[in-house]
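Enquirer: This is model.csv, which holds CSV, C-alpha atoms:
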chain,number,residue,atom,x,y,z
A,69,MET,CA,-16.2,4.1,8.1
A,70,LEU,CA,-13.9,6.3,5.9
A,71,ASN,CA,-14.3,9.2,8.3
A,72,ASP,CA,-13.1,7.1,11.2
A,73,ILE,CA,-10.0,6.1,9.1
A,74,ARG,CA,-9.3,9.6,7.9
A,75,ALA,CA,-9.0,11.2,11.4
A,76,PRO,CA,-6.0,9.2,12.6
A,77,LEU,CA,-4.3,9.7,9.2
A,78,GLU,CA,-4.7,13.4,9.5
A,79,GLN,CA,-3.4,13.4,13.0
A,80,ILE,CA,-0.3,11.5,12.0
A,81,CYS,CA,0.4,14.1,9.2
A,82,GLN,CA,0.0,16.9,11.6
A,83,ARG,CA,2.2,15.5,14.4
A,84,VAL,CA,5.1,14.1,12.3
A,85,ASP,CA,7.4,16.7,10.8
A,86,GLY,CA,8.4,16.1,7.2
A,87,THR,CA,5.4,13.8,6.3
A,88,PHE,CA,4.7,13.5,2.6
A,89,ALA,CA,1.8,11.1,2.9
A,90,VAL,CA,0.0,8.6,5.2
A,91,THR,CA,-2.0,5.8,3.9
A,92,VAL,CA,-4.0,2.7,4.9
A,93,MET,CA,-3.6,0.0,2.2
A,94,GLY,CA,-4.6,-3.6,1.6
A,95,LEU,CA,-1.9,-6.2,1.3
A,96,ASP,CA,-3.1,-6.5,-2.3
A,97,GLY,CA,-1.8,-2.9,-2.9
A,98,LEU,CA,-5.3,-1.3,-3.0
A,99,PRO,CA,-5.3,1.9,-1.0
A,100,VAL,CA,-8.2,2.4,1.4
A,101,ASP,CA,-7.5,6.0,2.2
A,102,THR,CA,-4.5,8.4,1.8
A,103,VAL,CA,-3.8,11.8,3.2
A,104,HIS,CA,-1.1,13.9,1.4
A,105,HIS,CA,0.8,16.5,3.4
A,106,GLU,CA,4.1,18.1,2.5
A,107,HIS,CA,5.2,18.6,-1.1
A,108,VAL,CA,7.1,15.5,-2.4
A,109,PRO,CA,10.5,16.0,-4.3
A,110,GLU,CA,9.9,16.2,-8.0
A,111,GLY,CA,9.8,12.9,-9.8
A,112,THR,CA,9.2,10.8,-6.7
A,113,ASP,CA,6.1,8.8,-7.0
A,114,VAL,CA,5.0,7.9,-3.4
A,115,ALA,CA,1.7,6.2,-4.4
A,116,SER,CA,3.4,3.8,-6.8
A,117,LEU,CA,6.2,3.2,-4.4
A,118,LEU,CA,3.8,2.1,-1.7
A,119,VAL,CA,2.0,-0.3,-4.0
A,120,GLU,CA,5.4,-1.7,-4.9
A,121,TYR,CA,6.4,-2.1,-1.3
A,122,SER,CA,3.1,-3.7,-0.4
A,123,ASN,CA,4.3,-6.6,-2.6
A,124,LEU,CA,7.3,-7.0,-0.3
A,125,ILE,CA,5.2,-7.4,2.9
A,126,SER,CA,3.8,-10.8,2.1
A,127,GLN,CA,7.3,-12.0,1.3
A,128,VAL,CA,8.8,-10.6,4.5
A,129,LYS,CA,5.9,-12.1,6.5
A,130,ARG,CA,6.6,-15.5,5.0
A,131,SER,CA,10.3,-15.4,5.7
A,132,ALA,CA,9.9,-14.2,9.3
A,133,GLN,CA,7.4,-17.0,10.0
A,134,MET,CA,9.5,-19.6,8.3
A,135,PHE,CA,12.5,-18.9,10.6
A,136,ALA,CA,10.4,-18.4,13.8
A,137,ALA,CA,11.0,-14.6,14.0
A,138,GLY,CA,7.2,-14.4,14.5
A,139,GLY,CA,4.5,-12.2,12.9
A,140,LEU,CA,5.6,-9.0,11.1
A,141,GLU,CA,5.0,-5.8,13.0
A,142,GLU,CA,7.0,-3.1,11.2
A,143,LEU,CA,9.0,-2.6,8.1
A,144,SER,CA,11.0,0.5,7.4
A,145,ILE,CA,12.8,1.5,4.2
A,146,ARG,CA,15.2,4.5,4.1
A,147,SER,CA,16.3,5.6,0.7
A,148,GLU,CA,18.2,8.8,-0.3
A,149,ASN,CA,15.1,11.0,-0.8
A,150,LEU,CA,12.4,9.2,1.2
A,151,THR,CA,11.8,7.1,4.3
A,152,THR,CA,8.8,4.7,4.4
A,153,ILE,CA,7.6,3.1,7.6
A,154,ILE,CA,5.0,0.4,7.3
A,155,ARG,CA,3.0,-1.0,10.3
A,156,THR,CA,0.8,-4.1,10.1
A,157,ILE,CA,-2.8,-3.4,11.1
A,158,ASN,CA,-4.1,-6.9,10.7
A,159,LYS,CA,-3.7,-9.8,8.2
A,160,ASP,CA,-5.2,-7.8,5.4
A,161,TYR,CA,-4.2,-4.1,5.9
A,162,PHE,CA,-1.3,-2.0,6.8
A,163,LEU,CA,-0.6,1.6,7.7
A,164,ALA,CA,2.2,3.5,6.1
A,165,ILE,CA,3.9,6.8,6.3
A,166,ALA,CA,6.3,8.3,3.7
A,167,LEU,CA,8.5,11.1,5.0
A,168,GLY,CA,11.5,13.2,3.9
A,169,ASN,CA,14.8,12.3,5.4
A,170,HIS,CA,14.7,15.6,7.3
A,171,GLY,CA,11.5,14.2,8.9
A,172,ASN,CA,11.1,12.7,12.4
A,173,PHE,CA,11.6,9.0,12.1
A,174,GLY,CA,11.2,8.1,15.7
A,175,LYS,CA,7.9,10.1,16.0
A,176,GLY,CA,6.7,8.5,12.8
A,177,ARG,CA,7.3,5.0,14.2
A,178,TYR,CA,5.6,6.0,17.5
A,179,MET,CA,2.5,7.5,15.8
A,180,LEU,CA,2.0,4.4,13.6
A,181,ARG,CA,2.4,2.1,16.7
A,182,VAL,CA,-0.2,4.0,18.5
A,183,ASN,CA,-2.7,4.3,15.7
A,184,ALA,CA,-2.5,0.9,14.1
A,185,PRO,CA,-4.6,-0.7,17.0
A,186,LYS,CA,-7.3,2.0,16.6
A,187,LEU,CA,-7.5,1.2,12.9
A,188,ALA,CA,-7.6,-2.5,13.6
A,189,GLU,CA,-10.9,-1.9,15.5
A,190,ILE,CA,-12.4,-0.4,12.3
A,191,LEU,CA,-11.0,-2.5,9.5
B,71,MET,CA,41.1,-8.2,5.7
B,72,LEU,CA,38.9,-10.4,7.8
B,73,ASN,CA,40.4,-9.0,11.0
B,74,ASP,CA,39.6,-5.5,9.9
B,75,ILE,CA,36.0,-6.5,9.3
B,76,ARG,CA,35.7,-8.5,12.6
B,77,ALA,CA,36.6,-5.5,14.8
B,78,PRO,CA,33.7,-3.2,13.9
B,79,LEU,CA,31.3,-6.2,14.2
B,80,GLU,CA,32.5,-7.0,17.7
B,81,GLN,CA,32.2,-3.4,18.7
B,82,ILE,CA,28.6,-3.2,17.5
B,83,CYS,CA,27.8,-6.4,19.5
B,84,GLN,CA,29.3,-4.9,22.6
B,85,ARG,CA,27.7,-1.5,22.3
B,86,VAL,CA,24.1,-2.5,21.4
B,87,ASP,CA,22.1,-4.1,24.1
B,88,GLY,CA,20.1,-7.2,23.0
B,89,THR,CA,22.2,-8.1,19.9
B,90,PHE,CA,21.9,-11.7,18.7
B,91,ALA,CA,24.3,-11.3,15.8
B,92,VAL,CA,26.0,-8.8,13.5
B,93,THR,CA,27.0,-9.8,10.0
B,94,VAL,CA,28.5,-8.5,6.8
B,95,MET,CA,26.9,-10.2,3.9
B,96,GLY,CA,27.0,-10.1,0.1
B,97,LEU,CA,23.8,-9.2,-1.8
B,98,ASP,CA,24.0,-12.8,-3.1
B,99,GLY,CA,23.3,-14.0,0.5
B,100,LEU,CA,26.9,-15.2,1.2
B,101,PRO,CA,28.1,-14.1,4.6
B,102,VAL,CA,31.6,-12.5,4.7
B,103,ASP,CA,31.8,-12.6,8.5
B,104,THR,CA,29.3,-13.0,11.4
B,105,VAL,CA,29.7,-12.3,15.2
B,106,HIS,CA,27.1,-14.0,17.4
B,107,HIS,CA,26.4,-12.5,20.8
B,108,GLU,CA,23.3,-13.0,23.0
B,109,HIS,CA,21.5,-16.3,22.9
B,110,VAL,CA,18.8,-16.4,20.3
B,111,PRO,CA,15.2,-17.6,21.2
B,112,GLU,CA,14.8,-21.3,20.6
B,113,GLY,CA,13.8,-22.2,17.0
B,114,THR,CA,14.7,-18.8,15.6
B,115,ASP,CA,17.2,-19.2,12.7
B,116,VAL,CA,18.9,-15.9,12.4
B,117,ALA,CA,21.4,-17.0,9.7
B,118,SER,CA,18.8,-18.3,7.4
B,119,LEU,CA,16.6,-15.3,8.0
B,120,LEU,CA,19.3,-13.0,6.9
B,121,VAL,CA,20.0,-14.9,3.7
B,122,GLU,CA,16.2,-14.7,3.0
B,123,TYR,CA,16.2,-11.0,3.7
B,124,SER,CA,19.2,-10.4,1.4
B,125,ASN,CA,16.9,-11.5,-1.4
B,126,LEU,CA,14.6,-8.6,-0.6
B,127,ILE,CA,17.3,-6.0,-0.8
B,128,SER,CA,17.7,-6.1,-4.5
B,129,GLN,CA,14.0,-5.9,-5.0
B,130,VAL,CA,13.6,-2.9,-2.6
B,131,LYS,CA,16.6,-1.2,-4.4
B,132,ARG,CA,14.9,-1.6,-7.7
B,133,SER,CA,11.5,-0.3,-6.5
B,134,ALA,CA,13.1,2.7,-4.8
B,135,GLN,CA,15.1,3.7,-7.9
B,136,MET,CA,12.2,3.2,-10.2
B,137,PHE,CA,10.0,5.7,-8.3
B,138,ALA,CA,12.9,8.2,-7.7
B,139,ALA,CA,13.2,7.6,-4.0
B,140,GLY,CA,16.9,7.2,-4.6
B,141,GLY,CA,19.5,4.6,-3.5
B,142,LEU,CA,18.6,2.3,-0.6
B,143,GLU,CA,20.3,3.2,2.6
B,144,GLU,CA,18.6,1.2,5.3
B,145,LEU,CA,16.0,-1.5,5.7
B,146,SER,CA,14.6,-2.6,9.1
B,147,ILE,CA,12.2,-5.4,9.8
B,148,ARG,CA,10.6,-5.9,13.2
B,149,SER,CA,8.9,-9.2,13.9
B,150,GLU,CA,7.4,-10.4,17.2
B,151,ASN,CA,10.7,-12.1,18.4
B,152,LEU,CA,13.3,-10.3,16.4
B,153,THR,CA,14.3,-7.0,14.8
B,154,THR,CA,16.7,-6.9,11.9
B,155,ILE,CA,18.4,-3.7,10.7
B,156,ILE,CA,20.2,-3.8,7.4
B,157,ARG,CA,22.5,-1.1,6.1
B,158,THR,CA,23.9,-0.9,2.6
B,159,ILE,CA,27.7,-0.8,2.6
B,160,ASN,CA,28.2,-0.6,-1.2
B,161,LYS,CA,26.6,-2.1,-4.3
B,162,ASP,CA,27.7,-5.6,-3.3
B,163,TYR,CA,27.6,-5.8,0.5
B,164,PHE,CA,25.5,-5.0,3.4
B,165,LEU,CA,25.9,-4.8,7.2
B,166,ALA,CA,23.1,-6.3,9.3
B,167,ILE,CA,22.2,-6.6,13.0
B,168,ALA,CA,19.6,-9.0,14.5
B,169,LEU,CA,18.4,-8.0,17.9
B,170,GLY,CA,15.8,-8.9,20.4
B,171,ASN,CA,12.8,-6.6,20.8
B,172,HIS,CA,14.1,-5.7,24.2
B,173,GLY,CA,17.2,-4.4,22.4
B,174,ASN,CA,18.2,-0.8,21.7
B,175,PHE,CA,16.8,-0.1,18.1
B,176,GLY,CA,18.0,3.5,18.0
B,177,LYS,CA,21.5,2.6,19.1
B,178,GLY,CA,21.6,-0.3,16.6
B,179,ARG,CA,20.7,2.0,13.7
B,180,TYR,CA,23.3,4.5,14.9
B,181,MET,CA,26.1,1.9,15.1
B,182,LEU,CA,25.4,0.6,11.6
B,183,ARG,CA,25.3,4.1,10.2
B,184,VAL,CA,28.7,4.9,11.7
B,185,ASN,CA,30.4,1.6,10.8
B,186,ALA,CA,29.1,1.0,7.3
B,187,PRO,CA,31.5,3.7,5.8
B,188,LYS,CA,34.4,2.1,7.6
B,189,LEU,CA,33.6,-1.3,6.1
B,190,ALA,CA,33.1,0.3,2.7
B,191,GLU,CA,36.8,1.3,2.8
B,192,ILE,CA,37.8,-2.3,3.2
B,193,LEU,CA,35.3,-4.2,1.0
Rewrite the coordinates I just gave you, this time as structure tokens.
Expert:
Amino acid sequence: MLNDIRAPLEQICQRVDGTFAVTVMGLDGLPVDTVHHEHVPEGTDVASLLVEYSNLISQVKRSAQMFAAGGLEELSIRSENLTTIIRTINKDYFLAIALGNHGNFGKGRYMLRVNAPKLAEIL
Amino acid sequence: MLNDIRAPLEQICQRVDGTFAVTVMGLDGLPVDTVHHEHVPEGTDVASLLVEYSNLISQVKRSAQMFAAGGLEELSIRSENLTTIIRTINKDYFLAIALGNHGNFGKGRYMLRVNAPKLAEIL
């Protein structure tokens, strides 16, 4: 199973300029698989940041459902040094990319949107 | 002051297809000014959703700073019926747009990026 997950992650890294890492993670913050790509700016801890962000997802989901905005599809967070895009795979897992702000945000969103359904078939 | 704030909000509504509302809000969840535009899907409560999301911002800011991702610039949340883009104005205020998923996401991001510095001069 891990091989099937790894292939789309590697493809995303290769196709999206400026990618630091791509990961499949549980909503509990446990990573299923991660592929690291470009060198991350010194001091930036992408892995810990993603775990931290995973805590937010449940909260955002709850708020969105409460006010009839519907199920959460995508969450993106742009900070000074790093942009993170998170895409829901199913109720337990999400796919996330961390990229530099020189990276291609639109391509990142596109690649997650295309690959999330493929991963949903596996997970 | 409120007139100076209202003008950019109206401009964003007019320029971004599919906009439900544009707002300037404090990080405490208190809206400074809001312009409503297209009709919102029944049952969706954009105003309450934005207050709810404002609670997230402080959390995201803390996480991003903790792991050296830098200051928060933009947060976007796409749900089934609604996309929200939030842009930091300064440490106390943010600018947000709620738009339908038929709306122009890229144009929305662009208009917030351009207008946030103008609002920062006023607030």
Enquirer: When you count only C-alpha atoms, which of these residues is closest to chain B: A:Ile165, A:Val108, A:Met179, A:Ala137?
Expert: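 Comparing A:Ile165, A:Val108, A:Met179, A:Ala137 against chain B, the winner is A:Ala137.
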Enquirer: Give one line per residue of chain A that approaches chain B to at most 7 Å, naming the two atoms of the closest pair and their distance in Å to one decimal, counting only C-alpha atoms; sort by chain then ascending residue number and deliver it as a Markdown table.
Expert:
| residue | atom | partner | partner_atom | distance |
| --- | --- | --- | --- | --- |
| A:Gly111 | CA | B:Ala138 | CA | 6.0 |
| A:Thr112 | CA | B:Ala138 | CA | 4.6 |
| A:Asp113 | CA | B:Phe137 | CA | 5.1 |
| A:Leu117 | CA | B:Phe137 | CA | 6.0 |
| A:Glu120 | CA | B:Ser133 | CA | 6.5 |
| A:Ser131 | CA | B:Glu122 | CA | 6.5 |
| A:Ala132 | CA | B:Ser149 | CA | 6.9 |
| A:Phe135 | CA | B:Asp115 | CA | 5.2 |
| A:Ala136 | CA | B:Thr114 | CA | 4.7 |
| A:Ala137 | CA | B:Asn151 | CA | 5.1 |
| A:Gly138 | CA | B:Glu150 | CA | 4.8 |
| A:Gly139 | CA | B:Ser149 | CA | 5.4 |
| A:Leu140 | CA | B:Ser149 | CA | 4.3 |
| A:Glu141 | CA | B:Ser149 | CA | 5.3 |
| A:Glu142 | CA | B:Arg148 | CA | 5.0 |
| A:Leu143 | CA | B:Ile147 | CA | 4.6 |
| A:Ser144 | CA | B:Ser146 | CA | 5.0 |
| A:Ile145 | CA | B:Leu145 | CA | 4.6 |
| A:Arg146 | CA | B:Glu144 | CA | 4.9 |
| A:Ser147 | CA | B:Leu142 | CA | 4.2 |
| A:Glu148 | CA | B:Gly140 | CA | 4.8 |
| A:Asn149 | CA | B:Ala139 | CA | 5.0 |
| A:Leu150 | CA | B:Ala139 | CA | 5.5 |
Enquirer: Could those residues be written to a file, using C-alpha atoms, as a compact mmCIF listing (two decimals), in the frame of the given file?
Expert:
# COMPACT_ATOMS: atom_id res chain seq x y z
CA GLY A 111 9.80 12.90 -9.80
CA THR A 112 9.20 10.80 -6.70
CA ASP A 113 6.10 8.80 -7.00
CA LEU A 117 6.20 3.20 -4.40
CA GLU A 120 5.40 -1.70 -4.90
CA SER A 131 10.30 -15.40 5.70
CA ALA A 132 9.90 -14.20 9.30
CA PHE A 135 12.50 -18.90 10.60
CA ALA A 136 10.40 -18.40 13.80
CA ALA A 137 11.00 -14.60 14.00
CA GLY A 138 7.20 -14.40 14.50
CA GLY A 139 4.50 -12.20 12.90
CA LEU A 140 5.60 -9.00 11.10
CA GLU A 141 5.00 -5.80 13.00
CA GLU A 142 7.00 -3.10 11.20
CA LEU A 143 9.00 -2.60 8.10
CA SER A 144 11.00 0.50 7.40
CA ILE A 145 12.80 1.50 4.20
CA ARG A 146 15.20 4.50 4.10
CA SER A 147 16.30 5.60 0.70
CA GLU A 148 18.20 8.80 -0.30
CA ASN A 149 15.10 11.00 -0.80
CA LEU A 150 12.40 9.20 1.20
Enquirer: Write out as a VMD selection string which residues come within 12 Å of Asn183 of chain A when counting only C-alpha atoms, dropping same-chain ones fewer than 5 positions away.
Expert: chain A and resid 72 to 80 90 to 92 155 to 157 162 to 165 176 to 178 188 to 190
Enquirer: Take chain B, superimpose it onto chain A by least squares using every C-alpha atom paired in sequence order, and output the result as a CSV table (one decimal) with C-alpha atoms, in the coordinates of the input.
Expert:
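Okay, out15.csv is ready:
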chain,number,residue,atom,x,y,z
B,71,MET,CA,-16.1,4.1,8.1
B,72,LEU,CA,-13.9,6.2,5.9
B,73,ASN,CA,-14.3,9.2,8.3
B,74,ASP,CA,-13.1,7.1,11.1
B,75,ILE,CA,-10.0,6.1,9.2
B,76,ARG,CA,-9.3,9.6,7.9
B,77,ALA,CA,-9.0,11.2,11.4
B,78,PRO,CA,-6.0,9.1,12.6
B,79,LEU,CA,-4.3,9.7,9.2
B,80,GLU,CA,-4.7,13.5,9.5
B,81,GLN,CA,-3.4,13.4,13.0
B,82,ILE,CA,-0.3,11.5,12.0
B,83,CYS,CA,0.3,14.1,9.2
B,84,GLN,CA,0.0,16.9,11.6
B,85,ARG,CA,2.1,15.4,14.4
B,86,VAL,CA,5.1,14.1,12.3
B,87,ASP,CA,7.4,16.7,10.8
B,88,GLY,CA,8.4,16.0,7.2
B,89,THR,CA,5.4,13.7,6.2
B,90,PHE,CA,4.7,13.5,2.5
B,91,ALA,CA,1.7,11.1,2.9
B,92,VAL,CA,0.0,8.6,5.3
B,93,THR,CA,-2.0,5.8,3.9
B,94,VAL,CA,-4.0,2.7,4.9
B,95,MET,CA,-3.5,0.1,2.3
B,96,GLY,CA,-4.6,-3.5,1.6
B,97,LEU,CA,-1.9,-6.2,1.3
B,98,ASP,CA,-3.1,-6.5,-2.3
B,99,GLY,CA,-1.8,-2.9,-2.9
B,100,LEU,CA,-5.2,-1.2,-3.0
B,101,PRO,CA,-5.3,2.0,-1.0
B,102,VAL,CA,-8.3,2.4,1.5
B,103,ASP,CA,-7.5,6.0,2.2
B,104,THR,CA,-4.5,8.4,1.7
B,105,VAL,CA,-3.7,11.9,3.2
B,106,HIS,CA,-1.1,13.9,1.4
B,107,HIS,CA,0.8,16.6,3.3
B,108,GLU,CA,4.2,18.1,2.5
B,109,HIS,CA,5.2,18.5,-1.1
B,110,VAL,CA,7.0,15.5,-2.4
B,111,PRO,CA,10.4,16.0,-4.3
B,112,GLU,CA,9.9,16.3,-8.0
B,113,GLY,CA,9.8,12.9,-9.8
B,114,THR,CA,9.2,10.9,-6.7
B,115,ASP,CA,6.1,8.7,-7.0
B,116,VAL,CA,5.0,8.0,-3.5
B,117,ALA,CA,1.8,6.2,-4.4
B,118,SER,CA,3.4,3.8,-6.8
B,119,LEU,CA,6.2,3.2,-4.4
B,120,LEU,CA,3.8,2.1,-1.7
B,121,VAL,CA,2.0,-0.3,-4.0
B,122,GLU,CA,5.4,-1.8,-4.9
B,123,TYR,CA,6.4,-2.1,-1.3
B,124,SER,CA,3.1,-3.8,-0.4
B,125,ASN,CA,4.3,-6.6,-2.6
B,126,LEU,CA,7.3,-7.1,-0.2
B,127,ILE,CA,5.2,-7.4,2.9
B,128,SER,CA,3.8,-10.8,2.1
B,129,GLN,CA,7.2,-12.0,1.3
B,130,VAL,CA,8.8,-10.6,4.5
B,131,LYS,CA,5.9,-12.1,6.5
B,132,ARG,CA,6.6,-15.5,5.0
B,133,SER,CA,10.4,-15.4,5.6
B,134,ALA,CA,9.9,-14.2,9.2
B,135,GLN,CA,7.4,-17.0,10.1
B,136,MET,CA,9.5,-19.6,8.4
B,137,PHE,CA,12.5,-18.9,10.6
B,138,ALA,CA,10.4,-18.4,13.8
B,139,ALA,CA,11.0,-14.7,14.0
B,140,GLY,CA,7.2,-14.4,14.5
B,141,GLY,CA,4.5,-12.2,12.9
B,142,LEU,CA,5.7,-9.0,11.1
B,143,GLU,CA,5.1,-5.9,13.0
B,144,GLU,CA,7.0,-3.2,11.2
B,145,LEU,CA,9.0,-2.6,8.1
B,146,SER,CA,10.9,0.6,7.4
B,147,ILE,CA,12.8,1.5,4.2
B,148,ARG,CA,15.1,4.5,4.0
B,149,SER,CA,16.2,5.7,0.6
B,150,GLU,CA,18.2,8.8,-0.2
B,151,ASN,CA,15.1,11.0,-0.8
B,152,LEU,CA,12.5,9.2,1.2
B,153,THR,CA,11.8,7.0,4.3
B,154,THR,CA,8.8,4.8,4.4
B,155,ILE,CA,7.5,3.2,7.6
B,156,ILE,CA,5.0,0.4,7.3
B,157,ARG,CA,3.0,-1.0,10.2
B,158,THR,CA,0.8,-4.1,10.0
B,159,ILE,CA,-2.7,-3.4,11.1
B,160,ASN,CA,-4.1,-6.9,10.7
B,161,LYS,CA,-3.7,-9.8,8.2
B,162,ASP,CA,-5.2,-7.7,5.4
B,163,TYR,CA,-4.2,-4.1,5.9
B,164,PHE,CA,-1.3,-2.0,6.7
B,165,LEU,CA,-0.7,1.6,7.8
B,166,ALA,CA,2.2,3.4,6.1
B,167,ILE,CA,3.9,6.8,6.3
B,168,ALA,CA,6.3,8.3,3.7
B,169,LEU,CA,8.5,11.1,5.0
B,170,GLY,CA,11.4,13.1,4.0
B,171,ASN,CA,14.8,12.3,5.4
B,172,HIS,CA,14.6,15.6,7.3
B,173,GLY,CA,11.5,14.2,9.0
B,174,ASN,CA,11.1,12.8,12.5
B,175,PHE,CA,11.7,8.9,12.1
B,176,GLY,CA,11.2,8.2,15.8
B,177,LYS,CA,8.0,10.1,16.0
B,178,GLY,CA,6.7,8.5,12.8
B,179,ARG,CA,7.3,5.0,14.2
B,180,TYR,CA,5.6,6.0,17.5
B,181,MET,CA,2.5,7.4,15.7
B,182,LEU,CA,2.0,4.3,13.6
B,183,ARG,CA,2.4,2.1,16.6
B,184,VAL,CA,-0.2,4.0,18.6
B,185,ASN,CA,-2.7,4.3,15.7
B,186,ALA,CA,-2.5,0.9,14.1
B,187,PRO,CA,-4.6,-0.7,17.0
B,188,LYS,CA,-7.2,2.0,16.6
B,189,LEU,CA,-7.5,1.3,12.8
B,190,ALA,CA,-7.6,-2.5,13.5
B,191,GLU,CA,-10.9,-1.9,15.5
B,192,ILE,CA,-12.4,-0.4,12.4
B,193,LEU,CA,-11.0,-2.5,9.5
Enquirer: Identify, on the basis of all atoms listed in the file, every residue whose closest approach to Gly171 of chain A does not exceed 8 Å; exclude the query and any residue fewer than 6 positions from it along the same chain; express the result as a VMD selection string.
Expert: chain A and resid 84 to 87
